[in-house]
Every structure is written in structure tokens, then in C-alpha cells.
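Trainee: Below is data-v6.cif; it holds mmCIF, C-alpha atoms and all ligand atoms.
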```
data_final
#
loop_
_atom_site.group_PDB
_atom_site.id
_atom_site.type_symbol
_atom_site.label_atom_id
_atom_site.label_comp_id
_atom_site.auth_asym_id
_atom_site.auth_seq_id
_atom_site.Cartn_x
_atom_site.Cartn_y
_atom_site.Cartn_z
ATOM 1 C CA MET A 1228 -2.481 -24.686 -1.163
ATOM 2 C CA ALA A 1229 -5.954 -23.704 -2.300
ATOM 3 C CA ALA A 1230 -6.233 -21.156 -5.099
ATOM 4 C CA PRO A 1231 -6.053 -17.548 -3.959
ATOM 5 C CA LEU A 1232 -9.386 -15.813 -3.504
ATOM 6 C CA HIS A 1233 -10.160 -13.336 -6.281
ATOM 7 C CA ILE A 1234 -12.668 -10.561 -5.744
ATOM 8 C CA GLU A 1235 -13.577 -7.961 -8.316
ATOM 9 C CA SER A 1236 -14.292 -4.545 -6.836
ATOM 10 C CA PRO A 1237 -16.593 -2.282 -8.863
ATOM 11 C CA GLY A 1238 -15.760 0.867 -6.899
ATOM 12 C CA ALA A 1239 -14.046 2.474 -3.927
ATOM 13 C CA ASP A 1240 -17.037 1.896 -1.616
ATOM 14 C CA PHE A 1241 -16.873 -1.827 -2.285
ATOM 15 C CA THR A 1242 -13.160 -1.940 -1.531
ATOM 16 C CA GLN A 1243 -13.745 -0.042 1.688
ATOM 17 C CA ASP A 1244 -16.562 -2.428 2.673
ATOM 18 C CA LEU A 1245 -14.271 -5.385 2.025
ATOM 19 C CA GLY A 1246 -11.740 -3.745 4.341
ATOM 20 C CA ARG A 1247 -14.427 -3.198 6.955
ATOM 21 C CA THR A 1248 -15.291 -6.906 6.976
ATOM 22 C CA ILE A 1249 -11.602 -7.732 7.335
ATOM 23 C CA GLY A 1250 -11.260 -5.244 10.217
ATOM 24 C CA GLU A 1251 -14.358 -6.572 11.976
ATOM 25 C CA HIS A 1252 -12.895 -10.076 12.005
ATOM 26 C CA ALA A 1253 -9.265 -9.195 12.683
ATOM 27 C CA SER A 1254 -7.520 -10.423 15.795
ATOM 28 C CA ALA A 1255 -4.393 -9.303 17.633
ATOM 29 C CA GLY A 1256 -1.256 -10.259 15.752
ATOM 30 C CA ASP A 1257 -2.856 -10.238 12.304
ATOM 31 C CA VAL A 1258 -0.615 -8.801 9.588
ATOM 32 C CA PHE A 1259 -2.140 -7.690 6.277
ATOM 33 C CA LEU A 1260 0.331 -7.116 3.456
ATOM 34 C CA LEU A 1261 -0.980 -4.868 0.698
ATOM 35 C CA THR A 1262 0.541 -4.719 -2.756
ATOM 36 C CA GLY A 1263 -0.417 -3.022 -6.004
ATOM 37 C CA PRO A 1264 0.494 0.007 -8.108
ATOM 38 C CA LEU A 1265 0.026 3.638 -7.106
ATOM 39 C CA GLY A 1266 -3.621 4.494 -6.658
ATOM 40 C CA SER A 1267 -4.795 0.893 -6.778
ATOM 41 C CA GLY A 1268 -6.678 1.232 -3.487
ATOM 42 C CA LYS A 1269 -4.366 0.094 -0.696
ATOM 43 C CA THR A 1270 -5.172 3.077 1.508
ATOM 44 C CA CYS A 1271 -8.863 2.813 0.617
ATOM 45 C CA LEU A 1272 -8.869 -0.799 1.834
ATOM 46 C CA THR A 1273 -6.971 0.250 4.959
ATOM 47 C CA GLN A 1274 -9.596 2.903 5.703
ATOM 48 C CA GLY A 1275 -12.151 0.111 5.662
ATOM 49 C CA ILE A 1276 -10.052 -2.064 7.960
ATOM 50 C CA ALA A 1277 -9.819 0.903 10.344
ATOM 51 C CA LEU A 1278 -13.600 1.335 10.291
ATOM 52 C CA GLY A 1279 -14.036 -2.368 11.011
ATOM 53 C CA LEU A 1280 -11.703 -2.021 13.981
ATOM 54 C CA GLY A 1281 -13.725 0.896 15.291
ATOM 55 C CA VAL A 1282 -11.023 3.508 14.667
ATOM 56 C CA GLU A 1283 -12.480 7.000 14.725
ATOM 57 C CA GLY A 1284 -11.252 9.614 12.300
ATOM 58 C CA TYR A 1285 -9.718 9.461 8.879
ATOM 59 C CA VAL A 1286 -6.850 7.119 8.076
ATOM 60 C CA ARG A 1287 -4.488 8.695 5.570
ATOM 61 C CA SER A 1288 -1.635 7.080 3.745
ATOM 62 C CA PRO A 1289 1.429 7.350 6.000
ATOM 63 C CA THR A 1290 3.770 7.631 2.993
ATOM 64 C CA PHE A 1291 5.698 10.561 4.441
ATOM 65 C CA VAL A 1292 5.819 9.408 8.015
ATOM 66 C CA LEU A 1293 6.250 5.699 7.305
ATOM 67 C CA MET A 1294 4.061 4.571 10.166
ATOM 68 C CA THR A 1295 0.937 5.739 11.953
ATOM 69 C CA ARG A 1296 -0.980 4.228 14.817
ATOM 70 C CA HIS A 1297 -4.714 4.385 15.451
ATOM 71 C CA GLN A 1298 -6.710 3.175 18.409
ATOM 72 C CA GLY A 1299 -9.800 1.087 17.847
ATOM 73 C CA ARG A 1300 -10.984 -2.212 19.308
ATOM 74 C CA LEU A 1301 -7.344 -3.152 18.680
ATOM 75 C CA THR A 1302 -4.413 -0.885 17.809
ATOM 76 C CA LEU A 1303 -4.023 -0.442 14.062
ATOM 77 C CA HIS A 1304 -0.423 -0.020 12.910
ATOM 78 C CA HIS A 1305 -0.457 1.407 9.401
ATOM 79 C CA VAL A 1306 2.894 1.253 7.621
ATOM 80 C CA ASP A 1307 3.853 2.385 4.112
ATOM 81 C CA LEU A 1308 7.105 1.077 2.694
ATOM 82 C CA TYR A 1309 6.921 3.047 -0.567
ATOM 83 C CA ARG A 1310 9.924 5.157 0.327
ATOM 84 C CA MET A 1311 11.847 2.334 1.882
ATOM 85 C CA GLY A 1312 15.353 2.203 0.438
ATOM 86 C CA SER A 1313 16.016 -1.467 1.098
ATOM 87 C CA PRO A 1314 14.621 -4.397 3.056
ATOM 88 C CA ALA A 1315 17.479 -3.888 5.516
ATOM 89 C CA GLU A 1316 16.129 -0.442 6.296
ATOM 90 C CA ALA A 1317 12.720 -1.957 7.037
ATOM 91 C CA TRP A 1318 14.428 -4.517 9.230
ATOM 92 C CA ASP A 1319 16.153 -1.698 11.120
ATOM 93 C CA LEU A 1320 12.782 -0.239 11.989
ATOM 94 C CA GLY A 1321 12.321 -3.184 14.306
ATOM 95 C CA LEU A 1322 8.886 -3.844 12.898
ATOM 96 C CA GLU A 1323 8.854 -7.382 14.165
ATOM 97 C CA GLU A 1324 9.334 -6.401 17.799
ATOM 98 C CA GLN A 1325 7.206 -3.301 17.728
ATOM 99 C CA LEU A 1326 4.300 -4.399 15.668
ATOM 100 C CA PHE A 1327 3.868 -8.020 14.894
ATOM 101 C CA SER A 1328 3.098 -9.078 18.432
ATOM 102 C CA GLU A 1329 0.137 -6.903 19.318
ATOM 103 C CA GLY A 1330 -2.617 -5.098 17.482
ATOM 104 C CA VAL A 1331 -3.227 -5.356 13.775
ATOM 105 C CA CYS A 1332 -0.673 -4.374 11.131
ATOM 106 C CA VAL A 1333 -1.464 -3.144 7.658
ATOM 107 C CA ILE A 1334 1.583 -2.671 5.452
ATOM 108 C CA GLU A 1335 1.296 -0.868 2.109
ATOM 109 C CA TRP A 1336 3.943 -1.725 -0.510
ATOM 110 C CA ALA A 1337 4.794 -4.861 1.487
ATOM 111 C CA ASP A 1338 6.534 -6.345 -1.566
ATOM 112 C CA ARG A 1339 9.359 -3.831 -0.939
ATOM 113 C CA ALA A 1340 10.525 -5.996 1.967
ATOM 114 C CA PRO A 1341 8.805 -9.392 1.760
ATOM 115 C CA GLU A 1342 11.400 -11.178 3.886
ATOM 116 C CA ILE A 1343 10.750 -9.239 7.075
ATOM 117 C CA PHE A 1344 7.218 -10.459 7.706
ATOM 118 C CA PRO A 1345 5.996 -13.415 9.714
ATOM 119 C CA GLU A 1346 5.085 -16.403 7.549
ATOM 120 C CA ASP A 1347 1.373 -16.458 8.219
ATOM 121 C CA CYS A 1348 0.338 -13.070 6.886
ATOM 122 C CA LEU A 1349 -2.497 -12.280 4.526
ATOM 123 C CA TRP A 1350 -1.219 -10.939 1.203
ATOM 124 C CA ILE A 1351 -3.780 -8.694 -0.472
ATOM 125 C CA GLY A 1352 -2.934 -7.629 -4.014
ATOM 126 C CA LEU A 1353 -4.870 -4.855 -5.734
ATOM 127 C CA ASP A 1354 -4.654 -4.122 -9.425
ATOM 128 C CA TYR A 1355 -6.469 -2.031 -11.984
ATOM 129 C CA GLY A 1356 -9.389 -3.651 -13.773
ATOM 130 C CA GLN A 1357 -11.109 -3.062 -17.069
ATOM 131 C CA ASP A 1358 -12.555 0.341 -16.311
ATOM 132 C CA PRO A 1359 -11.238 3.156 -14.099
ATOM 133 C CA ASP A 1360 -13.254 2.190 -11.020
ATOM 134 C CA ARG A 1361 -12.627 -1.552 -11.151
ATOM 135 C CA ARG A 1362 -9.985 -3.338 -9.139
ATOM 136 C CA ASP A 1363 -8.957 -6.963 -9.142
ATOM 137 C CA ILE A 1364 -8.265 -7.978 -5.568
ATOM 138 C CA THR A 1365 -6.441 -11.183 -4.669
ATOM 139 C CA LEU A 1366 -6.210 -12.555 -1.133
ATOM 140 C CA GLU A 1367 -3.685 -15.229 -0.306
ATOM 141 C CA PRO A 1368 -2.233 -16.373 3.013
ATOM 142 C CA GLY A 1369 1.523 -16.922 3.297
ATOM 143 C CA VAL A 1370 0.978 -20.547 4.388
ATOM 144 C CA ALA A 1371 -1.496 -23.251 3.328
ATOM 145 C CA VAL A 1372 -5.038 -22.042 3.967
ATOM 146 C CA GLU A 1373 -5.796 -24.965 6.330
ATOM 147 C CA GLU A 1374 -2.857 -23.948 8.501
ATOM 148 C CA SER A 1375 -3.463 -20.238 8.305
ATOM 149 C CA ARG A 1376 -4.865 -18.000 11.019
ATOM 150 C CA PHE A 1377 -6.876 -16.428 8.159
ATOM 151 C CA GLN A 1378 -8.738 -19.627 7.252
ATOM 152 C CA GLY A 1379 -11.959 -18.430 8.896
ATOM 153 C CA LEU A 1380 -11.827 -14.989 7.316
ATOM 154 C CA LEU A 1381 -11.111 -16.426 3.863
ATOM 155 C CA GLY A 1382 -14.000 -18.870 4.248
ATOM 156 C CA LEU A 1383 -16.315 -16.038 5.189
ATOM 157 C CA LEU A 1384 -15.168 -13.830 2.298
ATOM 158 C CA THR A 1385 -15.481 -16.729 -0.159
ATOM 159 C CA LYS A 1386 -19.057 -17.294 0.989
ATOM 160 C CA LYS A 1387 -19.905 -13.606 0.833
ATOM 161 C CA ALA A 1388 -18.375 -13.259 -2.632
ATOM 162 C CA ALA A 1389 -20.351 -16.268 -3.879
ATOM 163 C CA THR A 1390 -23.635 -14.866 -2.591
ATOM 164 C CA SER A 1391 -22.878 -11.354 -3.880
ATOM 165 C CA GLU A 1392 -22.903 -9.969 -0.351
ATOM 166 C CA LEU A 1393 -19.585 -8.424 -1.176
HETATM 167 N N1 LIG B 1401 -12.656 -0.143 -6.924
HETATM 168 C C1 LIG B 1401 -11.877 0.751 -6.296
HETATM 169 N N2 LIG B 1401 -11.227 0.399 -5.165
HETATM 170 C C2 LIG B 1401 -10.423 1.278 -4.526
HETATM 171 N N3 LIG B 1401 -10.194 2.559 -4.928
HETATM 172 C C3 LIG B 1401 -10.835 2.954 -6.052
HETATM 173 C C4 LIG B 1401 -11.687 2.086 -6.768
HETATM 174 N N4 LIG B 1401 -12.185 2.763 -7.840
HETATM 175 C C5 LIG B 1401 -11.665 3.987 -7.789
HETATM 176 N N5 LIG B 1401 -10.834 4.118 -6.711
HETATM 177 C C6 LIG B 1401 -10.100 5.335 -6.380
HETATM 178 O O1 LIG B 1401 -8.721 5.042 -6.518
HETATM 179 C C7 LIG B 1401 -7.981 5.750 -5.538
HETATM 180 C C8 LIG B 1401 -7.199 4.771 -4.678
HETATM 181 O O2 LIG B 1401 -6.338 5.528 -3.881
HETATM 182 P P1 LIG B 1401 -5.508 4.925 -2.679
HETATM 183 O O3 LIG B 1401 -4.865 6.081 -2.009
HETATM 184 O O4 LIG B 1401 -6.372 4.025 -1.864
HETATM 185 O O5 LIG B 1401 -4.426 4.048 -3.474
HETATM 186 P P2 LIG B 1401 -3.066 3.446 -2.907
HETATM 187 O O6 LIG B 1401 -2.956 2.102 -3.498
HETATM 188 O O7 LIG B 1401 -3.026 3.570 -1.435
HETATM 189 O O8 LIG B 1401 -1.983 4.413 -3.556
HETATM 190 P P3 LIG B 1401 -0.473 4.698 -3.066
HETATM 191 O O9 LIG B 1401 0.374 3.629 -3.674
HETATM 192 O O10 LIG B 1401 -0.188 6.039 -3.637
HETATM 193 O O11 LIG B 1401 -0.442 4.670 -1.565
HETATM 194 C C9 LIG B 1401 -8.967 6.565 -4.716
HETATM 195 O O12 LIG B 1401 -9.045 7.857 -5.248
HETATM 196 C C10 LIG B 1401 -10.281 5.808 -4.933
HETATM 197 O O13 LIG B 1401 -11.420 6.650 -4.819
HETATM 198 MG MG MG B 1402 -1.643 4.431 -0.077
#
```
As C-alpha cells - that is how I would like this structure written.
Ligand SMILES: Nc1ncnc2c1ncn2[C@@H]1O[C@H](COP(=O)(O)OP(=O)(O)OP(=O)(O)O)[C@@H](O)[C@H]1O
Ligand SMILES: [Mg+2]

Mentor:
Amino acid sequence: MAAPLHIESPGADFTQDLGRTIGEHASAGDVFLLTGPLGSGKTCLTQGIALGLGVEGYVRSPTFVLMTRHQGRLTLHHVDLYRMGSPAEAWDLGLEEQLFSEGVCVIEWADRAPEIFPEDCLWIGLDYGQDPDRRDITLEPGVAVEESRFQGLLGLLTKKAATSEL
């Protein structure tokens, strides 16, 4: 497996733009698994993904409702597992039948229930950087890059990161 792609975000706008690029290139069945501490930017990235999918209106964190749905070019299923008691509870939601077949899924706090997701997802980890507005973002598919449905997207992001277009 190739090394994960690391991108340093200098601010919230950058993280949202990264999300927008991801949303613009997303296809039906894509599952994006977001991890990182409170306030690290998972919802910010999701707002960008929503913009890239052409969703109108503001995408809020669904922490209290667990799941929200937005209509864009594709349906965006936005899930937050922060309050999930156990992976079994997530399993009981029937996520795999409801969500993983159509539209695009973005799951915040995906590491609360890693075993319920399809193998070829894109894991996106966000963490705090050296100053308050910096975030270290790591993108890694669940299978070898060459076999991943995200190979094209990762290639594009790698190129953009190298040419400072990101
Ligand atoms: N580089 C950055 N990327 C993303 N957000 C940033 C960045 N710098 C500052 N921020 C700020 O950090 C906050 C991130 O909040 P956000 O709700 O996206 O986090 P979260 O990971 O979804 O948190 P939670 O775990 O509570 O759902 C926002 O207020 C945003 O403006
Ligand atoms: Mg959030």
C-alpha cells in the first residue's frame, strides 16, 4: 500500500475547499470515514463535500439526530457516531442497507464502529496542528490504492497538493 496522503490545512476555508474537491469528484456508493478529536474540522470538511455535491443550504453536524440527508447531484448521507454506544448499535441502524448502496456517505467519528463499513472506504483523519488554525489531514483508502475506487481522487489531490493548488 502506498503511503497515506498528508495535507496540511492552514485554515477552515482550505479544509472546506478540500471537501469541495472531494464532493465534486464523488460517485454513488462512495463512503468517506472521518476521524479526529472534537473541533478538528470533520463537519467543516463535510460542508465542503456538500458544496461539491451541489447541496444547497447549510450542513450542520447531525450529532443529536445521528443522521441527516441532503439532496445534491447525489444524495449526501451525513452520519455522526459520536453518541453511538457500541458498534452493535451502529449495526442495528442498518447503515449498510440504507446508505452504502446509493448516494454518498460521510460518517463523522467513524472509528467508533470501524467494522461496519465496506472495505473500500476513504478514511480521512483530521488532527490539530502547530497553531490553532492548522490541521493535519491524512487520507487513506481501506484497500491498496491501486485497487481502490478512490485511486483517481487521491491522484488528483496528490497532484494538487504538490502544485499548491490545495
Ligand atoms: N484548518 C482548519 N480546518 C477546519 N476547521 C478549522 C481550521 N482552523 C480552524 N477551524 C475551526 O475549527 C472548528 C471545526 O469545527 P467542526 O465542527 O468542523 O469540527 P468537528 O470535527 O466536526 O467537531 P465535532 O467532533 O464536535 O463534530 C470550526 O470552528 C472551524 O472554523
Ligand atoms: Mg462535527

Trainee: Counting all atoms listed in the file, give me one row per residue of chain A with an atom at most 6 Å from an atom of ligand LIG 1401 (chain B), showing the shortest contact pair and its distance in Å to one decimal, sorted by chain then residue number, as a tab-separated table.

Mentor:
```
residue	atom	partner	partner_atom	distance
A:Ser1236	CA	B:LIG1401	N1	4.7
A:Pro1237	CA	B:LIG1401	N1	4.9
A:Gly1238	CA	B:LIG1401	N1	3.3
A:Ala1239	CA	B:LIG1401	C1	3.6
A:Thr1242	CA	B:LIG1401	N2	4.7
A:Pro1264	CA	B:LIG1401	O9	5.7
A:Leu1265	CA	B:LIG1401	O9	3.4
A:Gly1266	CA	B:LIG1401	O5	3.3
A:Ser1267	CA	B:LIG1401	O6	3.9
A:Gly1268	CA	B:LIG1401	O4	3.2
A:Lys1269	CA	B:LIG1401	O6	3.7
A:Thr1270	CA	B:LIG1401	O7	3.7
A:Cys1271	CA	B:LIG1401	O4	3.7
A:Ser1288	CA	B:LIG1401	O11	6.0
A:Asp1360	CA	B:LIG1401	N4	3.4
A:Arg1361	CA	B:LIG1401	N1	4.5
A:Arg1362	CA	B:LIG1401	N1	4.7
```

Trainee: How would you write, as an NGL selection string, the set of residues no farther than 12 Å from ligand MG 1402 (chain B) when counting all atoms listed in the file?

Mentor: :A and (1261-1274 or 1286-1291 or 1293-1294 or 1305-1310 or 1333-1337 or 1353)

Trainee: Residues near Val1331 in chain A, anyone? I mean within 9 Å using all atoms listed in the file, not counting same-chain ones fewer than 2 positions away, as a list in words.

Mentor: Gly1250, Ala1253, Ser1254, Ala1255, Gly1256, Asp1257, Val1258, Phe1259, Leu1301, Thr1302, Leu1303, His1304, His1305, Leu1326, Phe1327, Ser1328, Glu1329 and Val1333 of chain A

Trainee: Assuming the chain letters and numbering stay as they are in my file, what does the PyMOL selection byres (((chain A and resi 1369) around 12) and not hetatm) actually select? List them as a PDB file with C-alpha atoms, in the coordinates of the input.

Mentor:
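Everything below was put into selection.pdb:
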```
ATOM      1  CA  MET A1228      -2.481 -24.686  -1.163  1.00  0.00           C
ATOM      2  CA  ALA A1229      -5.954 -23.704  -2.300  1.00  0.00           C
ATOM      3  CA  PRO A1231      -6.053 -17.548  -3.959  1.00  0.00           C
ATOM      4  CA  VAL A1258      -0.615  -8.801   9.588  1.00  0.00           C
ATOM      5  CA  PHE A1259      -2.140  -7.690   6.277  1.00  0.00           C
ATOM      6  CA  LEU A1260       0.331  -7.116   3.456  1.00  0.00           C
ATOM      7  CA  PRO A1341       8.805  -9.392   1.760  1.00  0.00           C
ATOM      8  CA  GLU A1342      11.400 -11.178   3.886  1.00  0.00           C
ATOM      9  CA  PHE A1344       7.218 -10.459   7.706  1.00  0.00           C
ATOM     10  CA  PRO A1345       5.996 -13.415   9.714  1.00  0.00           C
ATOM     11  CA  GLU A1346       5.085 -16.403   7.549  1.00  0.00           C
ATOM     12  CA  ASP A1347       1.373 -16.458   8.219  1.00  0.00           C
ATOM     13  CA  CYS A1348       0.338 -13.070   6.886  1.00  0.00           C
ATOM     14  CA  LEU A1349      -2.497 -12.280   4.526  1.00  0.00           C
ATOM     15  CA  TRP A1350      -1.219 -10.939   1.203  1.00  0.00           C
ATOM     16  CA  ILE A1351      -3.780  -8.694  -0.472  1.00  0.00           C
ATOM     17  CA  LEU A1366      -6.210 -12.555  -1.133  1.00  0.00           C
ATOM     18  CA  GLU A1367      -3.685 -15.229  -0.306  1.00  0.00           C
ATOM     19  CA  PRO A1368      -2.233 -16.373   3.013  1.00  0.00           C
ATOM     20  CA  VAL A1370       0.978 -20.547   4.388  1.00  0.00           C
ATOM     21  CA  ALA A1371      -1.496 -23.251   3.328  1.00  0.00           C
ATOM     22  CA  VAL A1372      -5.038 -22.042   3.967  1.00  0.00           C
ATOM     23  CA  GLU A1373      -5.796 -24.965   6.330  1.00  0.00           C
ATOM     24  CA  GLU A1374      -2.857 -23.948   8.501  1.00  0.00           C
ATOM     25  CA  SER A1375      -3.463 -20.238   8.305  1.00  0.00           C
ATOM     26  CA  ARG A1376      -4.865 -18.000  11.019  1.00  0.00           C
ATOM     27  CA  PHE A1377      -6.876 -16.428   8.159  1.00  0.00           C
ATOM     28  CA  GLN A1378      -8.738 -19.627   7.252  1.00  0.00           C
TER      29      GLN A1378
END
```

Trainee: Report as a list in words the residues that result from applying the PyMOL selection byres (((chain A and resi 1281) around 12) and not hetatm) to the structure here.

Mentor: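 Applying the PyMOL selection byres (((chain A and resi 1281) around 12) and not hetatm) to the structure shown produces Arg1247, Thr1248, Ile1249, Gly1250, Glu1251, His1252, Ala1253, Gln1274, Gly1275, Ile1276, Ala1277, Leu1278, Gly1279, Leu1280, Val1282, Glu1283, Gly1284, Tyr1285, Val1286, His1297, Gln1298, Gly1299, Arg1300, Leu1301, Thr1302 and Leu1303 of chain A.
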
Trainee: As an exercise, work out the distance from CA of Gln1243 in chain A to CA of Thr1385 in chain A in Å and give it to one decimal place.

Mentor: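 Straight-line distance from CA of Gln1243 in chain A to CA of Thr1385 in chain A works out to 16.9 Å.
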
Trainee: Mind pulling up the distance from CA of Asp1354 in chain A to CA of Ser1313 in chain A?

Mentor: 23.3 Å

Trainee: Using CA of Arg1339 in chain A and CA of Leu1380 in chain A as the two end points, give the distance in Å to one decimal.

Mentor: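 Distance between the two atoms: 25.3 Å.
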